[in-house]
Amino acid sequence: MKKLLVVGLMMSSFVFGQKKEKDTLIDRSTEAEVLTKKQKPEPLSKKGQMFVFFGWNRAAFSNSDIRFTGNGYDFQLNNVSAQDRPTKFGIVYINPGWFTVVQYNFRAGYFIKDNLALVLGIDHMKYVMDQNQTVNFKGHISDPEYAGMVQNGQVNLADEKFLTFEHTDGLNYENLGLERYQSLINKKNVDLVWSYGAGLGFMFPKSNVKLFGNERSDRFHVAGMGTDLRTSLNLVLWDHVMVRLEGKAGYINMWDIKTTLNNKPDKAQQDFVFGQILAGIGYTFNTKKYK
């Protein structure tokens, strides 16, 4: 009887010991699973992640006062209206050799900390003064031919003899921004991330200006600065492929727009508010989820 009791106690000890060890293994497995979930990186949220993006835009501009100064003239055209100039849809939008022809955008982002990215951007917009308009004139012109085009304090720009004025190669806003990102949807192969932020940069337009019949000025030049507020929705598919929709509003001040091809001090200056909406595709790096 004593032997049976000893054997029974030994067996029960072995069974309870095995059960306890099994429970310990289950707990450790659960703990590892929780740890893996905590460590799983979400696209566009973790320090060290990166993305690149290319897209296309439409833009709108407020009316602006444009001042022209040079040898024999100093005048201002008030409340001048302008539009963007989108390229007709076609092969030009996907041909790498022609990508600068369209209104395009480029972004390169790096997450300097969780949920906060430093983003380098190029916004290639196009600004075209409406030719068919009559605007108020203030100032003086010494050339009697062009002074005679001013009637009752106004000048009609329709015939293009007085002025053509564009930033079509283009209105280039080179900017650096800070953007905060917030995950909205985090699934196995689909993520939706919202961002918002602000940017600051310089204007590097290639302005096409023809004033008073002079040879057209058409060269790249640092003309001023810009600033903006922006927000975007980023759909990330299969951890890497990004589809981005972005809206932006900002202010541009250009105080040194070249209006002649020579080194004369002729220049124009203007400031205006702009709005932009853009869409395109990109790719994210270092965003693969742990299995």
# chains A, B, ... in the order shown; residues from 1 in each chain; ligands from 1

$ closest_atom_pairs --of "segment 52-163 of chain A" --to "segment 191-205 of chain A" --cutoff "10 Å" --atoms "only C-alpha atoms" --output "CSV"
residue,atom,partner,partner_atom,distance
A:Asn115,CA,A:Ser195,CA,9.0
A:Leu116,CA,A:Ser195,CA,9.2
A:Ala117,CA,A:Gly197,CA,9.4
A:Leu118,CA,A:Gly199,CA,9.7
A:Val119,CA,A:Gly199,CA,8.6
A:Leu120,CA,A:Gly199,CA,9.1
A:Gly121,CA,A:Gly199,CA,8.9
A:Ile122,CA,A:Gly201,CA,9.5
A:Asp123,CA,A:Met203,CA,9.8
A:His124,CA,A:Pro205,CA,8.9
A:Met125,CA,A:Pro205,CA,9.4
A:Lys126,CA,A:Pro205,CA,9.3
A:Tyr127,CA,A:Pro205,CA,9.8

$ write_last_selection --atoms "C-alpha atoms" --output "short mmCIF file (atom, residue, chain, number, x, y, z; two decimals), in the first residue's frame"
data_model
loop_
_atom_site.label_atom_id
_atom_site.label_comp_id
_atom_site.auth_asym_id
_atom_site.auth_seq_id
_atom_site.Cartn_x
_atom_site.Cartn_y
_atom_site.Cartn_z
CA ASN A 115 4.96 59.82 -37.13
CA LEU A 116 7.04 62.86 -38.18
CA ALA A 117 8.67 63.15 -41.63
CA LEU A 118 10.98 65.66 -43.25
CA VAL A 119 9.81 66.01 -46.86
CA LEU A 120 11.70 67.52 -49.79
CA GLY A 121 9.32 68.66 -52.52
CA ILE A 122 9.31 70.11 -56.03
CA ASP A 123 6.04 71.62 -57.21
CA HIS A 124 6.17 72.36 -60.93
CA MET A 125 3.10 74.51 -61.48
CA LYS A 126 2.32 76.72 -64.49
CA TYR A 127 1.12 80.32 -64.17
#

$ residues_around --residues "segment 47-61 of chain A" --least-positions-apart "2" --cutoff "6 Å" --atoms "only C-alpha atoms" --output "list in words"
Asp84, Gln103, Tyr104, Asn105, Phe106, Arg107, Ala108, Gly109, Tyr110, Phe111, Ile112, Lys113, Asp114, Val273, Phe274, Gly275, Gln276, Ile277, Leu278, Ala279, Gly280, Ile281, Gly282, Tyr283, Thr284, Phe285 and Asn286 of chain A

$ write_last_selection --atoms "N, CA, C and O atoms" --output "short mmCIF file (atom, residue, chain, number, x, y, z; two decimals), in the first residue's frame"
data_model
loop_
_atom_site.label_atom_id
_atom_site.label_comp_id
_atom_site.auth_asym_id
_atom_site.auth_seq_id
_atom_site.Cartn_x
_atom_site.Cartn_y
_atom_site.Cartn_z
N ASP A 84 -3.72 78.22 -64.43
CA ASP A 84 -2.69 77.24 -64.73
C ASP A 84 -2.86 76.78 -66.18
O ASP A 84 -3.78 77.21 -66.88
N GLN A 103 2.41 69.57 -65.56
CA GLN A 103 2.44 70.12 -64.20
C GLN A 103 2.66 68.95 -63.23
O GLN A 103 1.74 68.19 -62.96
N TYR A 104 3.88 68.81 -62.74
CA TYR A 104 4.24 67.62 -61.97
C TYR A 104 4.67 67.97 -60.55
O TYR A 104 4.96 69.12 -60.22
N ASN A 105 4.74 66.93 -59.73
CA ASN A 105 5.19 67.06 -58.34
C ASN A 105 6.12 65.91 -57.99
O ASN A 105 5.92 64.78 -58.44
N PHE A 106 7.12 66.20 -57.18
CA PHE A 106 8.03 65.17 -56.67
C PHE A 106 8.15 65.34 -55.17
O PHE A 106 8.20 66.46 -54.65
N ARG A 107 8.18 64.21 -54.45
CA ARG A 107 8.37 64.22 -53.00
C ARG A 107 9.38 63.14 -52.62
O ARG A 107 9.37 62.03 -53.16
N ALA A 108 10.23 63.44 -51.64
CA ALA A 108 11.10 62.45 -51.01
C ALA A 108 11.02 62.69 -49.51
O ALA A 108 11.35 63.78 -49.03
N GLY A 109 10.55 61.70 -48.76
CA GLY A 109 10.33 61.87 -47.33
C GLY A 109 11.16 60.91 -46.49
O GLY A 109 11.40 59.76 -46.89
N TYR A 110 11.57 61.39 -45.33
CA TYR A 110 12.32 60.56 -44.37
C TYR A 110 11.76 60.83 -42.98
O TYR A 110 11.63 61.99 -42.57
N PHE A 111 11.43 59.76 -42.25
CA PHE A 111 10.86 59.90 -40.91
C PHE A 111 11.97 60.11 -39.89
O PHE A 111 12.73 59.20 -39.57
N ILE A 112 12.07 61.34 -39.40
CA ILE A 112 13.11 61.69 -38.43
C ILE A 112 12.76 61.20 -37.04
O ILE A 112 13.61 61.08 -36.17
N LYS A 113 11.48 60.92 -36.81
CA LYS A 113 11.00 60.29 -35.58
C LYS A 113 9.66 59.66 -35.89
O LYS A 113 9.10 59.88 -36.97
N ASP A 114 9.13 58.88 -34.96
CA ASP A 114 7.85 58.23 -35.20
C ASP A 114 6.79 59.26 -35.55
O ASP A 114 6.61 60.27 -34.85
N VAL A 273 -1.75 84.30 -53.52
CA VAL A 273 -2.10 83.07 -52.81
C VAL A 273 -2.38 82.00 -53.87
O VAL A 273 -2.93 82.28 -54.93
N PHE A 274 -1.98 80.77 -53.57
CA PHE A 274 -2.25 79.68 -54.51
C PHE A 274 -2.89 78.50 -53.80
O PHE A 274 -2.74 78.31 -52.59
N GLY A 275 -3.59 77.70 -54.58
CA GLY A 275 -4.14 76.44 -54.10
C GLY A 275 -3.75 75.35 -55.09
O GLY A 275 -3.62 75.61 -56.30
N GLN A 276 -3.56 74.15 -54.60
CA GLN A 276 -3.10 73.07 -55.48
C GLN A 276 -3.68 71.74 -55.00
O GLN A 276 -3.78 71.50 -53.80
N ILE A 277 -4.07 70.92 -55.95
CA ILE A 277 -4.46 69.54 -55.64
C ILE A 277 -3.65 68.63 -56.56
O ILE A 277 -3.45 68.94 -57.73
N LEU A 278 -3.12 67.55 -56.00
CA LEU A 278 -2.26 66.67 -56.78
C LEU A 278 -2.51 65.22 -56.42
O LEU A 278 -3.00 64.91 -55.33
N ALA A 279 -2.17 64.35 -57.35
CA ALA A 279 -2.32 62.91 -57.14
C ALA A 279 -1.23 62.19 -57.90
O ALA A 279 -0.73 62.68 -58.92
N GLY A 280 -0.83 61.03 -57.39
CA GLY A 280 0.19 60.26 -58.07
C GLY A 280 0.53 58.99 -57.31
O GLY A 280 -0.22 58.57 -56.42
N ILE A 281 1.64 58.39 -57.66
CA ILE A 281 2.04 57.12 -57.07
C ILE A 281 3.45 57.22 -56.49
O ILE A 281 4.23 58.09 -56.89
N GLY A 282 3.76 56.33 -55.56
CA GLY A 282 5.07 56.34 -54.93
C GLY A 282 5.44 54.98 -54.41
O GLY A 282 4.73 53.98 -54.61
N TYR A 283 6.56 54.94 -53.70
CA TYR A 283 7.07 53.69 -53.13
C TYR A 283 7.67 53.98 -51.77
O TYR A 283 8.35 54.99 -51.58
N THR A 284 7.40 53.10 -50.81
CA THR A 284 7.90 53.27 -49.45
C THR A 284 9.03 52.28 -49.19
O THR A 284 9.06 51.18 -49.74
N PHE A 285 9.97 52.69 -48.33
CA PHE A 285 11.12 51.86 -48.00
C PHE A 285 11.15 51.60 -46.49
O PHE A 285 10.74 52.44 -45.70
N ASN A 286 11.64 50.40 -46.15
CA ASN A 286 11.77 50.02 -44.73
C ASN A 286 10.41 49.94 -44.05
O ASN A 286 10.27 50.26 -42.89
#

$ residues_around --residues "Asn208 of chain A" --least-positions-apart "4" --cutoff "12 Å" --atoms "only C-alpha atoms" --output "list in words"
Lys126, Tyr127, Val128, Met129, Leu163, Thr164, Phe165, Glu166, His167, Thr168, Asp169, Gly170, Leu171, Asn214, Glu215, Arg216, Ser217, Asp218, Arg219, Phe220, His221, Ile257, Lys258, Thr259, Thr260, Leu261 and Ala268 of chain A

$ atom_distance --atom1 "atom CA of Asp74 of chain A" --atom2 "atom CA of Thr134 of chain A"
18.6 Å

$ closest_residue --among "A:Val222, A:Tyr73, A:Phe212, A:Gln83" --to "Ser142 of chain A" --atoms "only C-alpha atoms"
A:Tyr73

$ select_by_dssp --residues "segment 95-233 of chain A" --states "strand (DSSP E)" --output "PyMOL selection string"
chain A and resi 104-113+116-129+134-141+150-151+154-156+163-186+190-203+206-211+217-220+224-233

$ write_last_selection --atoms "C-alpha atoms" --output "tab-separated table (two decimals), in the first residue's frame"
chain	number	residue	atom	x	y	z
A	104	TYR	CA	4.24	67.62	-61.97
A	105	ASN	CA	5.19	67.06	-58.34
A	106	PHE	CA	8.03	65.17	-56.67
A	107	ARG	CA	8.37	64.22	-53.00
A	108	ALA	CA	11.10	62.45	-51.01
A	109	GLY	CA	10.33	61.87	-47.33
A	110	TYR	CA	12.32	60.56	-44.37
A	111	PHE	CA	10.86	59.90	-40.91
A	112	ILE	CA	13.11	61.69	-38.43
A	113	LYS	CA	11.00	60.29	-35.58
A	116	LEU	CA	7.04	62.86	-38.18
A	117	ALA	CA	8.67	63.15	-41.63
A	118	LEU	CA	10.98	65.66	-43.25
A	119	VAL	CA	9.81	66.01	-46.86
A	120	LEU	CA	11.70	67.52	-49.79
A	121	GLY	CA	9.32	68.66	-52.52
A	122	ILE	CA	9.31	70.11	-56.03
A	123	ASP	CA	6.04	71.62	-57.21
A	124	HIS	CA	6.17	72.36	-60.93
A	125	MET	CA	3.10	74.51	-61.48
A	126	LYS	CA	2.32	76.72	-64.49
A	127	TYR	CA	1.12	80.32	-64.17
A	128	VAL	CA	-0.33	82.07	-67.24
A	129	MET	CA	-1.65	85.62	-67.14
A	134	THR	CA	-8.28	95.07	-69.05
A	135	VAL	CA	-6.50	96.08	-65.86
A	136	ASN	CA	-5.95	99.24	-63.87
A	137	PHE	CA	-2.63	101.02	-64.44
A	138	LYS	CA	-0.64	103.13	-61.98
A	139	GLY	CA	2.77	104.69	-62.70
A	140	HIS	CA	4.60	106.08	-65.71
A	141	ILE	CA	6.08	104.99	-69.05
A	150	VAL	CA	-3.02	103.47	-71.33
A	151	GLN	CA	-6.55	104.89	-71.56
A	154	GLN	CA	-6.42	101.27	-67.72
A	155	VAL	CA	-4.63	99.13	-70.28
A	156	ASN	CA	-6.09	96.38	-72.48
A	163	LEU	CA	2.70	92.48	-72.29
A	164	THR	CA	2.71	88.68	-72.21
A	165	PHE	CA	3.52	87.21	-68.81
A	166	GLU	CA	3.90	83.54	-67.84
A	167	HIS	CA	5.74	81.21	-65.48
A	168	THR	CA	5.26	78.12	-67.61
A	169	ASP	CA	8.57	76.26	-67.48
A	170	GLY	CA	7.37	76.71	-64.79
A	171	LEU	CA	6.30	78.24	-61.48
A	172	ASN	CA	8.76	76.03	-59.61
A	173	TYR	CA	8.32	75.89	-55.84
A	174	GLU	CA	11.29	74.05	-54.30
A	175	ASN	CA	10.32	73.38	-50.69
A	176	LEU	CA	11.14	71.56	-47.48
A	177	GLY	CA	8.32	70.57	-45.14
A	178	LEU	CA	7.50	68.84	-41.88
A	179	GLU	CA	4.56	66.43	-41.99
A	180	ARG	CA	2.87	64.50	-39.19
A	181	TYR	CA	1.33	61.12	-40.10
A	182	GLN	CA	-1.54	59.24	-38.47
A	183	SER	CA	-2.66	55.70	-39.35
A	184	LEU	CA	-6.38	55.36	-40.14
A	185	ILE	CA	-6.49	51.77	-41.43
A	186	ASN	CA	-3.87	49.09	-40.78
A	190	VAL	CA	-3.87	47.74	-47.12
A	191	ASP	CA	-2.99	50.79	-45.05
A	192	LEU	CA	-4.52	54.26	-45.10
A	193	VAL	CA	-2.48	57.08	-43.55
A	194	TRP	CA	-3.44	60.73	-43.12
A	195	SER	CA	-0.84	63.50	-42.96
A	196	TYR	CA	-0.74	67.24	-42.40
A	197	GLY	CA	2.04	69.77	-42.22
A	198	ALA	CA	3.67	72.93	-43.53
A	199	GLY	CA	6.49	73.87	-45.83
A	200	LEU	CA	8.84	76.69	-46.79
A	201	GLY	CA	10.97	77.15	-49.87
A	202	PHE	CA	12.22	79.31	-52.70
A	203	MET	CA	10.78	80.10	-56.12
A	206	LYS	CA	11.51	80.01	-65.77
A	207	SER	CA	9.44	83.08	-66.57
A	208	ASN	CA	8.33	83.82	-70.12
A	209	VAL	CA	7.91	87.60	-70.23
A	210	LYS	CA	7.66	89.88	-73.24
A	211	LEU	CA	7.29	93.55	-72.33
A	217	SER	CA	12.90	86.73	-71.25
A	218	ASP	CA	13.01	82.97	-70.75
A	219	ARG	CA	15.50	81.72	-68.15
A	220	PHE	CA	15.59	80.03	-64.75
A	224	GLY	CA	11.49	84.83	-54.34
A	225	MET	CA	10.04	82.55	-51.69
A	226	GLY	CA	6.92	80.61	-50.85
A	227	THR	CA	5.25	78.91	-47.90
A	228	ASP	CA	2.37	76.46	-47.61
A	229	LEU	CA	0.07	74.31	-45.52
A	230	ARG	CA	-0.66	70.81	-46.79
A	231	THR	CA	-2.61	67.64	-46.05
A	232	SER	CA	-2.72	64.25	-47.76
A	233	LEU	CA	-4.26	60.78	-47.77

$ atom_distance --atom1 "atom CA of Lys248 of chain A" --atom2 "atom CA of Val80 of chain A"
22.1 Å

$ atom_distance --atom1 "atom CA of Gln131 of chain A" --atom2 "atom CA of Ala158 of chain A"
5.1 Å
